[in-house]
Amino acid sequence: MNMRSTLIVLFFALLVSCVAKEEPEQNPKNNLVFNDLAATWDEAMPLGNAMVGALVWQKEGKLRFSLDRADLWDLRPMANIDFDKWTFDDVYEHWKTGEYKKVQEVFDTPYNQSPAPSKIPAGALEFDIEKLGTVKEVKLDLETASCVVSWENGAKLTTFVHAEKPIGWYRFENLPEDLGIELISPAYNRENNEGHTSQSRNDLNQLGYEQGEITKDNNSLTYNQHGWGDFSYQIHTSWQQTENSLEGCWSVSSENDKKDSQPLASEWVKKELTQGLEPSLAEHLAWWKSYWAKSAISIPDSVLQRQYDLEMYKFGSAARPDAPPICLQSVWTADHGKLPPWKGDFHHDLNTQLSYWPSYTGNYLDLEEGFLNWLWKYRPTFKKYTKEYFGVEGMNVPGVSTLEGEPMGGWIQYSMGQTVAAWLGHHFYLHWKYSMDRDFLEERAYPWLKDVAVFFDNMAIKAEDGTRKLKMSSSPEIYNNSAKAWFSETTNFDLALIRWTYEKAAELAGELGLQEERNAWLQILSEWPELAVDSETGLMFAPEFPYNESHRHFSHLMAYHPLGTIDFSKGEKDQEIIRNTLENLEKQGPDYWTGYSYSWQGNLYARAFEGEKAAEALRVFAECFCLRNSFHVNGDQCKAGHSKMTYRPFTLEGNFAFAAGVQDMLIQSHTGVVRIFPAIPADWKDVRFQHLRTQGAFLVSAEKQEGLPVSVTVKSEKGGVFKLHNPFGDKDFKVENADFSLDSGIIKINMEAGQAVKLTLK
């Protein structure tokens with residue numbers, strides 16, 4: 001091994017050992033390890049930093065890096081969306097008069113037929129590895145966010161995507177001879193022979209691009225591709241080759257007239273090569289060291305522990321404060337000659353929302369800010385859409401949108417649903433509650449909810465008795481895109497979000513001392529009806545429409561989870577509704593569930609303190625709805641009766657909802673009272689977690705040994721009263737560094753900002 005290789009190994013060893021000495025520890029056994037390279041893009045090893053990404057796999061005998069960048073989009077407008085010709089009122093009139101087929105032709109059909117707008121892939125690097133022989137091991141190292149491929153002949157590849165820069169590095173060692181490198185462009189102007197895949201019906205050549213140019217100059221390759229309008233992008237890689245090694249760097253850049261000038265990929269690579277791999281690697285490892293130190297868990301269920309670690313690795317690879325939010329596939333766009341499943345867009349009827357669930361308890365508010373920053377940036381776009389389509393003031397958001405927040409159409413009940421902005425507003429509220437950032441409360445959280453509340457006020461119609469309703473309503477994605485999917489009464493989905501919006505707008509207005517606004521929101525809230533509840537089956541789709549069929553989207557029970565306006569803490573009435581709802585969910589069965597349904601079910605059971613059922617739902621997700629690289633692919637890959645849907649389109653929301661489910665088993669704080677280990681199976685005797693975040697901006701660590709909670713450590717970021725449901729039961733405990741009170745099973749501790757307190761079993 002030469003001196004440079006030795007230095008790289010030492011960098012890895014030193015920085016990883018530093019991580020290992022600090023709690024929380026990342027369990028190394030949960031690395032992905034295989035004895036071969038994946039043969040398909042959706043089983044590849046994923047690397048990324050939310051702006052650029054790579055999938056490492058093998059195609060037709062070549063080692064392939066499928067490259068991606070988050071802002072590679074064809075942003076041509078949907079020709080069918082013309083608000084001068086079609087508005088919400090026009091849709092309503094066609095539905096009311098039985099002419100709904102015309103609406104489907106105008107809004108629904110073009111989404112499937114038109115290739116754009118859409119997320120698009122970048123291209124690929126391929127390495128000729130034929131002379132390297134048999135692969136010995138392929139490893140995705142979670143701690144270092146790197147992929148290592150070893151061959152039987154001693155050759156080795158180490159590759160990573162820099163945690164903070166739009167670059168990737170690769171280094172081959174112990175090569176028997178020079179490696180051939182090719183840069184492969186997407187099939188924009190050539191026939192695709194890879195066949196149809198799940199939810200990917202449009203070939204890339206339907207976009208109509210002229211094929212870009214690939215140039216080679218000594219030890220470098222450059223690909224320049226012009227897209228729609230003024231958009232273009234570049235891939236560049238340069239490398240240095242010695243007698244038995246090859247070391248190189250790649251980047252992807254994008255350009256259009258709307259954004260500030262950024263360095264080209266070739267400029268990024270030139271700069272990084274001048275700096276060298278070792279400093280770049282040190283920066284990368286330092287970021288991931290900090291990431292893993294934010295929080296960690298240790299549970300005795302190896303399946304759930306492994307999947308959780310993989311989900312949090314993917315979250316760290318897919319979210320940043322200064323990058324676009326997580327779209328359906330993030331920076332791992334399909335590499336199969338077609339557009340990605342569902343065009344890789346932003347689905348706000350479930351997908352983006354679930355993708356950020358683990359950021360709150362997981363203590364990753366900084367990464368979640370990328371989602372909120374994007375929503376705030378395009379607030380003017382959303383208000384314009386609201387005015388033009390709905391014809392009212394206030395704000396709503398398209399349920400299916402482009403990178404720039406423009407509507408894309410599709411099933412219009414959801415792609416242009418009336419309560420999309422409210423569900424997105426839930427994330428603004430959660431950010432406030434978990435951070436207690438008063439500037440954020442005043443400047444973003446309350447203004448967002450206020451805009452949504454004004455929109456609902458303008459959309460509501462009043463009955464003679466003074467009660468409010470929507471003139472038509474929907475519940476994702478019940479009855480798909482049929483006329484039947486519109487309800488004449490307000491659905492529980494829409495109603496839960498409307499009631500939640502007014503309740504929380506009043507709460508935040510009160511927090512800011514805006515009493516008149518608070519009172520106005522409470523008055524409007526009182527004019528909306530209560531949720532539709534069946535005495536036997538619980539929460540319904542809508543009045544007169546019980547939950548009576550299996551469906552993938554649990555939209556009817558939003559009030560229970562994630563909104564929490566119905567909760568076990570509120571007494572027997574709510575508890576009965578929750579039990580009946582969950583029992584009916586089981587009774588109707590999972591025939592038409594997808595993977596994210598099981599992830600969501602895990603969260604539902606955790607909130608009901610049913611640990612065994614929560615663990616089982618999450619185990620089914622991990623074992624049967626994910627590919628070997630942990631990607632969620634919606635359908636039942638076990639074909640074991642968990643769903644009749646056995647297709648495999650890759651989307652990420654199920655992965656991240658899984659992680660949130662595990663977190664809710666370990667700690668809950670949505671009621672204002674923290675519960676430790678509220679929903680763990682009885683046989684989980686030894687459990688611990690570090691630095692999980694609660695509402696009120698508290699960081700909590702706790703440990704359970706031999707079935708007994710033995711310690712809870714709390715750090716307050718902003719100060720306040722920490723309320724803890726006594727985890728020690730009738731056993732004696734002590735509190736270090738603070739006075740406390742215990743009343744009705746609730747421990748209360750007044751804490752100062754920065755103060756740490758430890759509770760231990762005596």
# chains A, B, ... in the order shown; residues from 1 in each chain; ligands from 1

call {"tool": "residues_around", "arguments": {"residues": "Asp664 in chain A", "least_positions_apart": "5", "cutoff": "9 Å", "atoms": "only C-alpha atoms", "output": "number ranges by chain"}}
result
A: 361, 602-603, 606-607, 659, 669, 677-679

call {"tool": "residues_around", "arguments": {"residues": "range 142-146 of chain A", "least_positions_apart": "2", "cutoff": "6 Å", "atoms": "only C-alpha atoms", "output": "ChimeraX atom specification"}}
result
/A:31,140,159-160,285

call {"tool": "residues_around", "arguments": {"residues": "Lys343 in chain A", "least_positions_apart": "5", "cutoff": "12 Å", "atoms": "only C-alpha atoms", "output": "PDB file with N, CA, C and O atoms, in the first residue's frame"}}
result
ATOM      1  N   LEU A  72     -32.469  19.034 -10.973  1.00  0.00           N
ATOM      2  CA  LEU A  72     -32.593  18.665 -12.383  1.00  0.00           C
ATOM      3  C   LEU A  72     -34.063  18.401 -12.680  1.00  0.00           C
ATOM      4  O   LEU A  72     -34.602  17.341 -12.360  1.00  0.00           O
ATOM      5  N   TRP A  73     -34.705  19.365 -13.282  1.00  0.00           N
ATOM      6  CA  TRP A  73     -36.136  19.311 -13.543  1.00  0.00           C
ATOM      7  C   TRP A  73     -36.444  19.857 -14.932  1.00  0.00           C
ATOM      8  O   TRP A  73     -35.834  20.847 -15.362  1.00  0.00           O
ATOM      9  N   ASP A  74     -37.384  19.234 -15.599  1.00  0.00           N
ATOM     10  CA  ASP A  74     -38.030  19.828 -16.766  1.00  0.00           C
ATOM     11  C   ASP A  74     -39.248  20.570 -16.231  1.00  0.00           C
ATOM     12  O   ASP A  74     -40.206  19.954 -15.770  1.00  0.00           O
ATOM     13  N   LEU A  75     -39.200  21.889 -16.276  1.00  0.00           N
ATOM     14  CA  LEU A  75     -40.220  22.716 -15.632  1.00  0.00           C
ATOM     15  C   LEU A  75     -41.209  23.334 -16.623  1.00  0.00           C
ATOM     16  O   LEU A  75     -41.874  24.318 -16.303  1.00  0.00           O
ATOM     17  N   TYR A 111     -51.569  14.280 -16.795  1.00  0.00           N
ATOM     18  CA  TYR A 111     -50.459  13.972 -15.889  1.00  0.00           C
ATOM     19  C   TYR A 111     -49.775  12.672 -16.302  1.00  0.00           C
ATOM     20  O   TYR A 111     -48.539  12.553 -16.245  1.00  0.00           O
ATOM     21  N   ASN A 112     -50.565  11.678 -16.704  1.00  0.00           N
ATOM     22  CA  ASN A 112     -50.002  10.392 -17.111  1.00  0.00           C
ATOM     23  C   ASN A 112     -49.451  10.421 -18.527  1.00  0.00           C
ATOM     24  O   ASN A 112     -48.471   9.743 -18.839  1.00  0.00           O
ATOM     25  N   GLN A 113     -50.067  11.210 -19.404  1.00  0.00           N
ATOM     26  CA  GLN A 113     -49.681  11.184 -20.813  1.00  0.00           C
ATOM     27  C   GLN A 113     -48.519  12.110 -21.136  1.00  0.00           C
ATOM     28  O   GLN A 113     -47.691  11.805 -21.984  1.00  0.00           O
ATOM     29  N   SER A 114     -48.475  13.255 -20.477  1.00  0.00           N
ATOM     30  CA  SER A 114     -47.423  14.219 -20.760  1.00  0.00           C
ATOM     31  C   SER A 114     -46.156  13.855 -20.000  1.00  0.00           C
ATOM     32  O   SER A 114     -46.205  13.541 -18.808  1.00  0.00           O
ATOM     33  N   PRO A 115     -44.991  13.904 -20.668  1.00  0.00           N
ATOM     34  CA  PRO A 115     -43.758  13.536 -19.964  1.00  0.00           C
ATOM     35  C   PRO A 115     -43.257  14.601 -18.993  1.00  0.00           C
ATOM     36  O   PRO A 115     -42.399  14.315 -18.157  1.00  0.00           O
ATOM     37  N   ALA A 116     -43.770  15.810 -19.111  1.00  0.00           N
ATOM     38  CA  ALA A 116     -43.263  16.891 -18.255  1.00  0.00           C
ATOM     39  C   ALA A 116     -44.415  17.810 -17.865  1.00  0.00           C
ATOM     40  O   ALA A 116     -45.444  17.833 -18.533  1.00  0.00           O
ATOM     41  N   PRO A 117     -44.195  18.526 -16.734  1.00  0.00           N
ATOM     42  CA  PRO A 117     -42.971  18.678 -15.946  1.00  0.00           C
ATOM     43  C   PRO A 117     -42.607  17.407 -15.191  1.00  0.00           C
ATOM     44  O   PRO A 117     -43.481  16.605 -14.858  1.00  0.00           O
ATOM     45  N   SER A 118     -41.310  17.261 -14.905  1.00  0.00           N
ATOM     46  CA  SER A 118     -40.833  16.050 -14.238  1.00  0.00           C
ATOM     47  C   SER A 118     -39.416  16.243 -13.733  1.00  0.00           C
ATOM     48  O   SER A 118     -38.647  17.040 -14.276  1.00  0.00           O
ATOM     49  N   LYS A 119     -39.083  15.520 -12.687  1.00  0.00           N
ATOM     50  CA  LYS A 119     -37.686  15.327 -12.286  1.00  0.00           C
ATOM     51  C   LYS A 119     -37.007  14.509 -13.362  1.00  0.00           C
ATOM     52  O   LYS A 119     -37.625  13.620 -13.972  1.00  0.00           O
ATOM     53  N   ILE A 120     -35.741  14.794 -13.653  1.00  0.00           N
ATOM     54  CA  ILE A 120     -34.999  14.043 -14.663  1.00  0.00           C
ATOM     55  C   ILE A 120     -33.667  13.563 -14.099  1.00  0.00           C
ATOM     56  O   ILE A 120     -33.122  14.170 -13.171  1.00  0.00           O
ATOM     57  N   PRO A 121     -33.121  12.467 -14.626  1.00  0.00           N
ATOM     58  CA  PRO A 121     -31.825  11.962 -14.154  1.00  0.00           C
ATOM     59  C   PRO A 121     -30.675  12.746 -14.758  1.00  0.00           C
ATOM     60  O   PRO A 121     -30.853  13.485 -15.739  1.00  0.00           O
ATOM     61  N   SER A 198     -42.837  -0.240 -12.911  1.00  0.00           N
ATOM     62  CA  SER A 198     -43.957   0.246 -12.112  1.00  0.00           C
ATOM     63  C   SER A 198     -43.998   1.767 -12.059  1.00  0.00           C
ATOM     64  O   SER A 198     -43.033   2.408 -11.646  1.00  0.00           O
ATOM     65  N   GLN A 199     -45.131   2.343 -12.463  1.00  0.00           N
ATOM     66  CA  GLN A 199     -45.388   3.773 -12.386  1.00  0.00           C
ATOM     67  C   GLN A 199     -44.356   4.613 -13.126  1.00  0.00           C
ATOM     68  O   GLN A 199     -44.186   5.787 -12.829  1.00  0.00           O
ATOM     69  N   SER A 200     -43.665   4.026 -14.102  1.00  0.00           N
ATOM     70  CA  SER A 200     -42.712   4.764 -14.932  1.00  0.00           C
ATOM     71  C   SER A 200     -43.047   4.459 -16.387  1.00  0.00           C
ATOM     72  O   SER A 200     -42.470   3.552 -16.995  1.00  0.00           O
ATOM     73  N   ARG A 201     -43.971   5.206 -16.944  1.00  0.00           N
ATOM     74  CA  ARG A 201     -44.524   4.867 -18.250  1.00  0.00           C
ATOM     75  C   ARG A 201     -43.908   5.670 -19.393  1.00  0.00           C
ATOM     76  O   ARG A 201     -43.987   5.267 -20.544  1.00  0.00           O
ATOM     77  N   ASN A 202     -43.328   6.824 -19.099  1.00  0.00           N
ATOM     78  CA  ASN A 202     -42.833   7.703 -20.154  1.00  0.00           C
ATOM     79  C   ASN A 202     -41.341   7.521 -20.364  1.00  0.00           C
ATOM     80  O   ASN A 202     -40.554   7.608 -19.418  1.00  0.00           O
ATOM     81  N   ASP A 203     -40.947   7.289 -21.629  1.00  0.00           N
ATOM     82  CA  ASP A 203     -39.528   7.229 -21.953  1.00  0.00           C
ATOM     83  C   ASP A 203     -38.925   8.629 -21.910  1.00  0.00           C
ATOM     84  O   ASP A 203     -39.594   9.627 -22.219  1.00  0.00           O
ATOM     85  N   LEU A 204     -37.648   8.705 -21.584  1.00  0.00           N
ATOM     86  CA  LEU A 204     -36.973   9.994 -21.540  1.00  0.00           C
ATOM     87  C   LEU A 204     -36.961  10.677 -22.901  1.00  0.00           C
ATOM     88  O   LEU A 204     -36.976  11.907 -22.993  1.00  0.00           O
ATOM     89  N   CYS A 327     -38.122  14.935  -2.450  1.00  0.00           N
ATOM     90  CA  CYS A 327     -39.162  14.536  -3.390  1.00  0.00           C
ATOM     91  C   CYS A 327     -39.344  13.019  -3.285  1.00  0.00           C
ATOM     92  O   CYS A 327     -38.780  12.373  -2.399  1.00  0.00           O
ATOM     93  N   LEU A 328     -40.094  12.430  -4.196  1.00  0.00           N
ATOM     94  CA  LEU A 328     -40.461  11.019  -4.041  1.00  0.00           C
ATOM     95  C   LEU A 328     -39.256  10.093  -3.942  1.00  0.00           C
ATOM     96  O   LEU A 328     -39.269   9.131  -3.177  1.00  0.00           O
ATOM     97  N   GLN A 329     -38.207  10.370  -4.737  1.00  0.00           N
ATOM     98  CA  GLN A 329     -37.004   9.521  -4.697  1.00  0.00           C
ATOM     99  C   GLN A 329     -35.764  10.280  -4.245  1.00  0.00           C
ATOM    100  O   GLN A 329     -34.661   9.741  -4.299  1.00  0.00           O
ATOM    101  N   SER A 330     -35.913  11.528  -3.855  1.00  0.00           N
ATOM    102  CA  SER A 330     -34.794  12.366  -3.432  1.00  0.00           C
ATOM    103  C   SER A 330     -33.728  12.410  -4.526  1.00  0.00           C
ATOM    104  O   SER A 330     -34.055  12.594  -5.699  1.00  0.00           O
ATOM    105  N   THR A 333     -32.835   9.397  -8.400  1.00  0.00           N
ATOM    106  CA  THR A 333     -33.788   9.296  -9.503  1.00  0.00           C
ATOM    107  C   THR A 333     -33.535   8.023 -10.306  1.00  0.00           C
ATOM    108  O   THR A 333     -32.391   7.620 -10.521  1.00  0.00           O
ATOM    109  N   ALA A 334     -34.620   7.425 -10.784  1.00  0.00           N
ATOM    110  CA  ALA A 334     -34.548   6.169 -11.540  1.00  0.00           C
ATOM    111  C   ALA A 334     -33.560   6.262 -12.695  1.00  0.00           C
ATOM    112  O   ALA A 334     -33.512   7.259 -13.413  1.00  0.00           O
ATOM    113  N   LYS A 338     -36.308   5.792 -18.366  1.00  0.00           N
ATOM    114  CA  LYS A 338     -37.650   6.352 -18.263  1.00  0.00           C
ATOM    115  C   LYS A 338     -37.689   7.439 -17.198  1.00  0.00           C
ATOM    116  O   LYS A 338     -36.737   7.600 -16.420  1.00  0.00           O
ATOM    117  N   VAL A 400     -49.796  18.310  -5.758  1.00  0.00           N
ATOM    118  CA  VAL A 400     -48.707  17.753  -6.558  1.00  0.00           C
ATOM    119  C   VAL A 400     -48.033  18.930  -7.234  1.00  0.00           C
ATOM    120  O   VAL A 400     -48.665  19.658  -8.000  1.00  0.00           O
ATOM    121  N   SER A 401     -46.748  19.137  -6.953  1.00  0.00           N
ATOM    122  CA  SER A 401     -46.100  20.347  -7.447  1.00  0.00           C
ATOM    123  C   SER A 401     -44.729  20.070  -8.013  1.00  0.00           C
ATOM    124  O   SER A 401     -44.106  19.039  -7.760  1.00  0.00           O
ATOM    125  N   THR A 402     -44.251  21.053  -8.782  1.00  0.00           N
ATOM    126  CA  THR A 402     -42.913  21.017  -9.341  1.00  0.00           C
ATOM    127  C   THR A 402     -41.898  21.521  -8.331  1.00  0.00           C
ATOM    128  O   THR A 402     -42.241  21.928  -7.215  1.00  0.00           O
ATOM    129  N   LEU A 403     -40.669  21.571  -8.769  1.00  0.00           N
ATOM    130  CA  LEU A 403     -39.586  22.115  -7.940  1.00  0.00           C
ATOM    131  C   LEU A 403     -39.851  23.563  -7.557  1.00  0.00           C
ATOM    132  O   LEU A 403     -39.414  24.023  -6.493  1.00  0.00           O
ATOM    133  N   MET A 408     -49.120  20.512 -10.954  1.00  0.00           N
ATOM    134  CA  MET A 408     -48.871  19.556 -12.020  1.00  0.00           C
ATOM    135  C   MET A 408     -50.117  18.782 -12.422  1.00  0.00           C
ATOM    136  O   MET A 408     -50.081  18.013 -13.371  1.00  0.00           O
ATOM    137  N   GLY A 409     -51.203  18.962 -11.696  1.00  0.00           N
ATOM    138  CA  GLY A 409     -52.400  18.200 -12.017  1.00  0.00           C
ATOM    139  C   GLY A 409     -52.277  16.768 -11.537  1.00  0.00           C
ATOM    140  O   GLY A 409     -51.501  16.432 -10.655  1.00  0.00           O
ATOM    141  N   GLY A 410     -53.036  15.888 -12.162  1.00  0.00           N
ATOM    142  CA  GLY A 410     -53.178  14.522 -11.683  1.00  0.00           C
ATOM    143  C   GLY A 410     -54.563  14.383 -11.086  1.00  0.00           C
ATOM    144  O   GLY A 410     -55.467  15.164 -11.398  1.00  0.00           O
ATOM    145  N   PRO A 649     -42.584   0.291  -7.217  1.00  0.00           N
ATOM    146  CA  PRO A 649     -42.079   1.650  -7.420  1.00  0.00           C
ATOM    147  C   PRO A 649     -41.465   2.201  -6.135  1.00  0.00           C
ATOM    148  O   PRO A 649     -42.096   2.206  -5.081  1.00  0.00           O
ATOM    149  N   PHE A 650     -40.263   2.688  -6.252  1.00  0.00           N
ATOM    150  CA  PHE A 650     -39.506   3.197  -5.104  1.00  0.00           C
ATOM    151  C   PHE A 650     -39.960   4.610  -4.741  1.00  0.00           C
ATOM    152  O   PHE A 650     -39.968   5.509  -5.567  1.00  0.00           O
ATOM    153  N   THR A 651     -40.343   4.803  -3.473  1.00  0.00           N
ATOM    154  CA  THR A 651     -40.589   6.127  -2.889  1.00  0.00           C
ATOM    155  C   THR A 651     -40.120   6.102  -1.443  1.00  0.00           C
ATOM    156  O   THR A 651     -40.107   5.053  -0.806  1.00  0.00           O
TER     157      THR A 651
END

call {"tool": "residues_around", "arguments": {"residues": "range 163-175 of chain A", "least_positions_apart": "6", "cutoff": "7 Å", "atoms": "only C-alpha atoms", "output": "tab-separated table (two decimals) with N, CA and C atoms, in the first residue's frame"}}
result
chain	number	residue	atom	x	y	z
A	49	ASN	N	-26.16	13.80	-0.53
A	49	ASN	CA	-26.11	14.91	0.42
A	49	ASN	C	-27.27	15.88	0.22
A	51	MET	N	-28.34	17.36	-2.28
A	51	MET	CA	-28.23	18.10	-3.54
A	51	MET	C	-27.75	17.20	-4.67
A	52	VAL	N	-26.73	16.39	-4.42
A	52	VAL	CA	-26.30	15.42	-5.43
A	52	VAL	C	-26.32	14.03	-4.81
A	154	GLY	N	-7.93	-8.68	-4.65
A	154	GLY	CA	-7.34	-7.65	-3.80
A	154	GLY	C	-7.65	-6.23	-4.23
A	155	ALA	N	-8.27	-6.04	-5.40
A	155	ALA	CA	-8.66	-4.70	-5.82
A	155	ALA	C	-9.76	-4.16	-4.90
A	156	LYS	N	-9.80	-2.84	-4.78
A	156	LYS	CA	-10.74	-2.23	-3.84
A	156	LYS	C	-11.18	-0.86	-4.35
A	157	LEU	N	-12.47	-0.57	-4.22
A	157	LEU	CA	-13.02	0.75	-4.52
A	157	LEU	C	-13.58	1.35	-3.24
A	244	ASN	N	-1.14	1.20	-10.28
A	244	ASN	CA	-2.14	0.27	-9.74
A	244	ASN	C	-3.28	0.94	-8.99
A	245	SER	N	-3.48	2.23	-9.24
A	245	SER	CA	-4.58	2.92	-8.57
A	245	SER	C	-5.19	3.97	-9.49
A	246	LEU	N	-6.39	4.35	-9.14
A	246	LEU	CA	-7.11	5.39	-9.88
A	246	LEU	C	-7.92	6.19	-8.87
A	247	GLU	N	-7.76	7.52	-8.92
A	247	GLU	CA	-8.47	8.38	-7.98
A	247	GLU	C	-9.10	9.53	-8.75
A	248	GLY	N	-10.40	9.74	-8.50
A	248	GLY	CA	-11.09	10.78	-9.25
A	248	GLY	C	-12.21	11.43	-8.48
A	249	CYS	N	-12.72	12.49	-9.06
A	249	CYS	CA	-13.78	13.29	-8.47
A	249	CYS	C	-14.81	13.61	-9.55
A	250	TRP	N	-16.08	13.69	-9.18
A	250	TRP	CA	-17.14	14.03	-10.12
A	250	TRP	C	-18.06	15.07	-9.51
A	251	SER	N	-18.78	15.77	-10.35
A	251	SER	CA	-19.77	16.73	-9.89
A	251	SER	C	-20.86	16.87	-10.94
A	252	VAL	N	-22.01	17.37	-10.49
A	252	VAL	CA	-23.13	17.71	-11.38
A	252	VAL	C	-23.55	19.13	-11.04
A	284	HIS	N	-15.99	15.58	5.14
A	284	HIS	CA	-17.13	14.66	5.00
A	284	HIS	C	-17.36	13.86	6.29
A	287	TRP	N	-18.72	15.94	9.20
A	287	TRP	CA	-20.17	16.21	9.13
A	287	TRP	C	-20.94	15.00	9.62

call {"tool": "residues_around", "arguments": {"residues": "range 366-372 of chain A", "least_positions_apart": "6", "cutoff": "6 Å", "atoms": "only C-alpha atoms", "output": "list in words"}}
result
Ala319, Arg320, Pro321, Asp322, Ala323 and Pro325 of chain A

call {"tool": "residues_around", "arguments": {"residues": "Met45 in chain A", "least_positions_apart": "6", "cutoff": "9 Å", "atoms": "only C-alpha atoms", "output": "tab-separated table (two decimals) with all heavy atoms, in the first residue's frame"}}
result
chain	number	residue	atom	x	y	z
A	32	LEU	N	-24.84	-2.11	5.41
A	32	LEU	CA	-25.30	-3.01	4.35
A	32	LEU	C	-24.10	-3.74	3.79
A	32	LEU	O	-23.13	-3.11	3.35
A	32	LEU	CB	-25.99	-2.22	3.24
A	32	LEU	CG	-27.41	-1.73	3.49
A	32	LEU	CD1	-27.90	-0.92	2.29
A	32	LEU	CD2	-28.36	-2.90	3.73
A	37	LEU	N	-22.55	-6.95	-6.41
A	37	LEU	CA	-23.12	-5.66	-6.74
A	37	LEU	C	-24.56	-5.84	-7.18
A	37	LEU	O	-24.90	-6.83	-7.83
A	37	LEU	CB	-22.33	-5.00	-7.86
A	37	LEU	CG	-20.96	-4.45	-7.48
A	37	LEU	CD1	-20.07	-4.31	-8.71
A	37	LEU	CD2	-21.10	-3.10	-6.78
A	38	ALA	N	-25.42	-4.92	-6.82
A	38	ALA	CA	-26.81	-4.98	-7.24
A	38	ALA	C	-26.89	-4.98	-8.76
A	38	ALA	O	-26.08	-4.36	-9.44
A	38	ALA	CB	-27.58	-3.80	-6.67
A	54	ALA	N	-25.68	9.48	-5.72
A	54	ALA	CA	-25.18	8.42	-6.58
A	54	ALA	C	-25.73	7.08	-6.12
A	54	ALA	O	-25.92	6.85	-4.92
A	54	ALA	CB	-23.65	8.39	-6.58
A	55	LEU	N	-26.00	6.22	-7.08
A	55	LEU	CA	-26.37	4.83	-6.83
A	55	LEU	C	-25.27	3.95	-7.39
A	55	LEU	O	-24.92	4.06	-8.57
A	55	LEU	CB	-27.71	4.50	-7.50
A	55	LEU	CG	-28.94	5.23	-6.96
A	55	LEU	CD1	-30.13	5.05	-7.90
A	55	LEU	CD2	-29.29	4.73	-5.56
A	56	VAL	N	-24.72	3.06	-6.57
A	56	VAL	CA	-23.60	2.21	-6.96
A	56	VAL	C	-24.12	0.81	-7.24
A	56	VAL	O	-24.65	0.15	-6.34
A	56	VAL	CB	-22.52	2.18	-5.86
A	56	VAL	CG1	-21.34	1.33	-6.31
A	56	VAL	CG2	-22.06	3.61	-5.52
A	57	TRP	N	-23.98	0.36	-8.50
A	57	TRP	CA	-24.48	-0.96	-8.88
A	57	TRP	C	-23.74	-1.46	-10.10
A	57	TRP	O	-22.73	-0.87	-10.51
A	57	TRP	CB	-25.99	-0.92	-9.11
A	57	TRP	CG	-26.51	0.05	-10.14
A	57	TRP	CD1	-26.41	1.42	-10.12
A	57	TRP	CD2	-27.22	-0.27	-11.34
A	57	TRP	NE1	-27.01	1.97	-11.21
A	57	TRP	CE2	-27.53	0.97	-11.97
A	57	TRP	CE3	-27.66	-1.44	-11.93
A	57	TRP	CZ2	-28.24	1.04	-13.19
A	57	TRP	CZ3	-28.38	-1.37	-13.13
A	57	TRP	CH2	-28.66	-0.16	-13.74
A	138	VAL	N	-19.43	-6.07	-1.01
A	138	VAL	CA	-19.90	-4.70	-1.26
A	138	VAL	C	-20.48	-4.20	0.06
A	138	VAL	O	-21.40	-4.82	0.61
A	138	VAL	CB	-20.97	-4.66	-2.36
A	138	VAL	CG1	-21.40	-3.22	-2.62
A	138	VAL	CG2	-20.46	-5.30	-3.65
A	139	LYS	N	-19.95	-3.10	0.57
A	139	LYS	CA	-20.38	-2.61	1.88
A	139	LYS	C	-20.76	-1.14	1.80
A	139	LYS	O	-20.03	-0.32	1.25
A	139	LYS	CB	-19.27	-2.79	2.93
A	139	LYS	CG	-19.66	-2.26	4.32
A	139	LYS	CD	-18.62	-2.62	5.37
A	139	LYS	CE	-17.35	-1.83	5.22
A	139	LYS	NZ	-16.41	-2.05	6.35
A	140	LEU	N	-21.92	-0.81	2.37
A	140	LEU	CA	-22.30	0.58	2.62
A	140	LEU	C	-22.05	0.84	4.09
A	140	LEU	O	-22.75	0.30	4.96
A	140	LEU	CB	-23.77	0.82	2.28
A	140	LEU	CG	-24.28	2.24	2.52
A	140	LEU	CD1	-23.63	3.22	1.55
A	140	LEU	CD2	-25.80	2.31	2.39
A	147	CYS	N	-19.21	3.84	0.34
A	147	CYS	CA	-19.40	2.50	-0.21
A	147	CYS	C	-18.03	1.91	-0.55
A	147	CYS	O	-17.20	2.58	-1.18
A	147	CYS	CB	-20.27	2.56	-1.47
A	147	CYS	SG	-20.54	0.96	-2.27
A	629	ASN	N	-31.50	-3.00	-0.32
A	629	ASN	CA	-30.79	-1.79	0.09
A	629	ASN	C	-31.62	-0.91	1.01
A	629	ASN	O	-31.23	0.22	1.31
A	629	ASN	CB	-30.34	-1.00	-1.13
A	629	ASN	CG	-31.51	-0.49	-1.96
A	629	ASN	OD1	-32.66	-0.87	-1.72
A	629	ASN	ND2	-31.24	0.35	-2.93

call {"tool": "closest_residue", "arguments": {"among": "A:Thr215, A:Gln575, A:Thr537, A:Ser473", "to": "Ile498 in chain A", "atoms": "only C-alpha atoms"}}
result
A:Ser473

call {"tool": "closest_residue", "arguments": {"among": "A:Gly564, A:Gly133, A:Gly595, A:Gly227", "to": "Glu623 in chain A", "atoms": "only C-alpha atoms"}}
result
A:Gly595

call {"tool": "select_by_dssp", "arguments": {"residues": "range 556-756 of chain A", "states": "strand (DSSP E or B)", "output": "PyMOL selection string"}}
result
chain A and resi 626+632+667-668+674-676+687-694+698-705+708-716+720-725+733-736+741-743+746-751+756
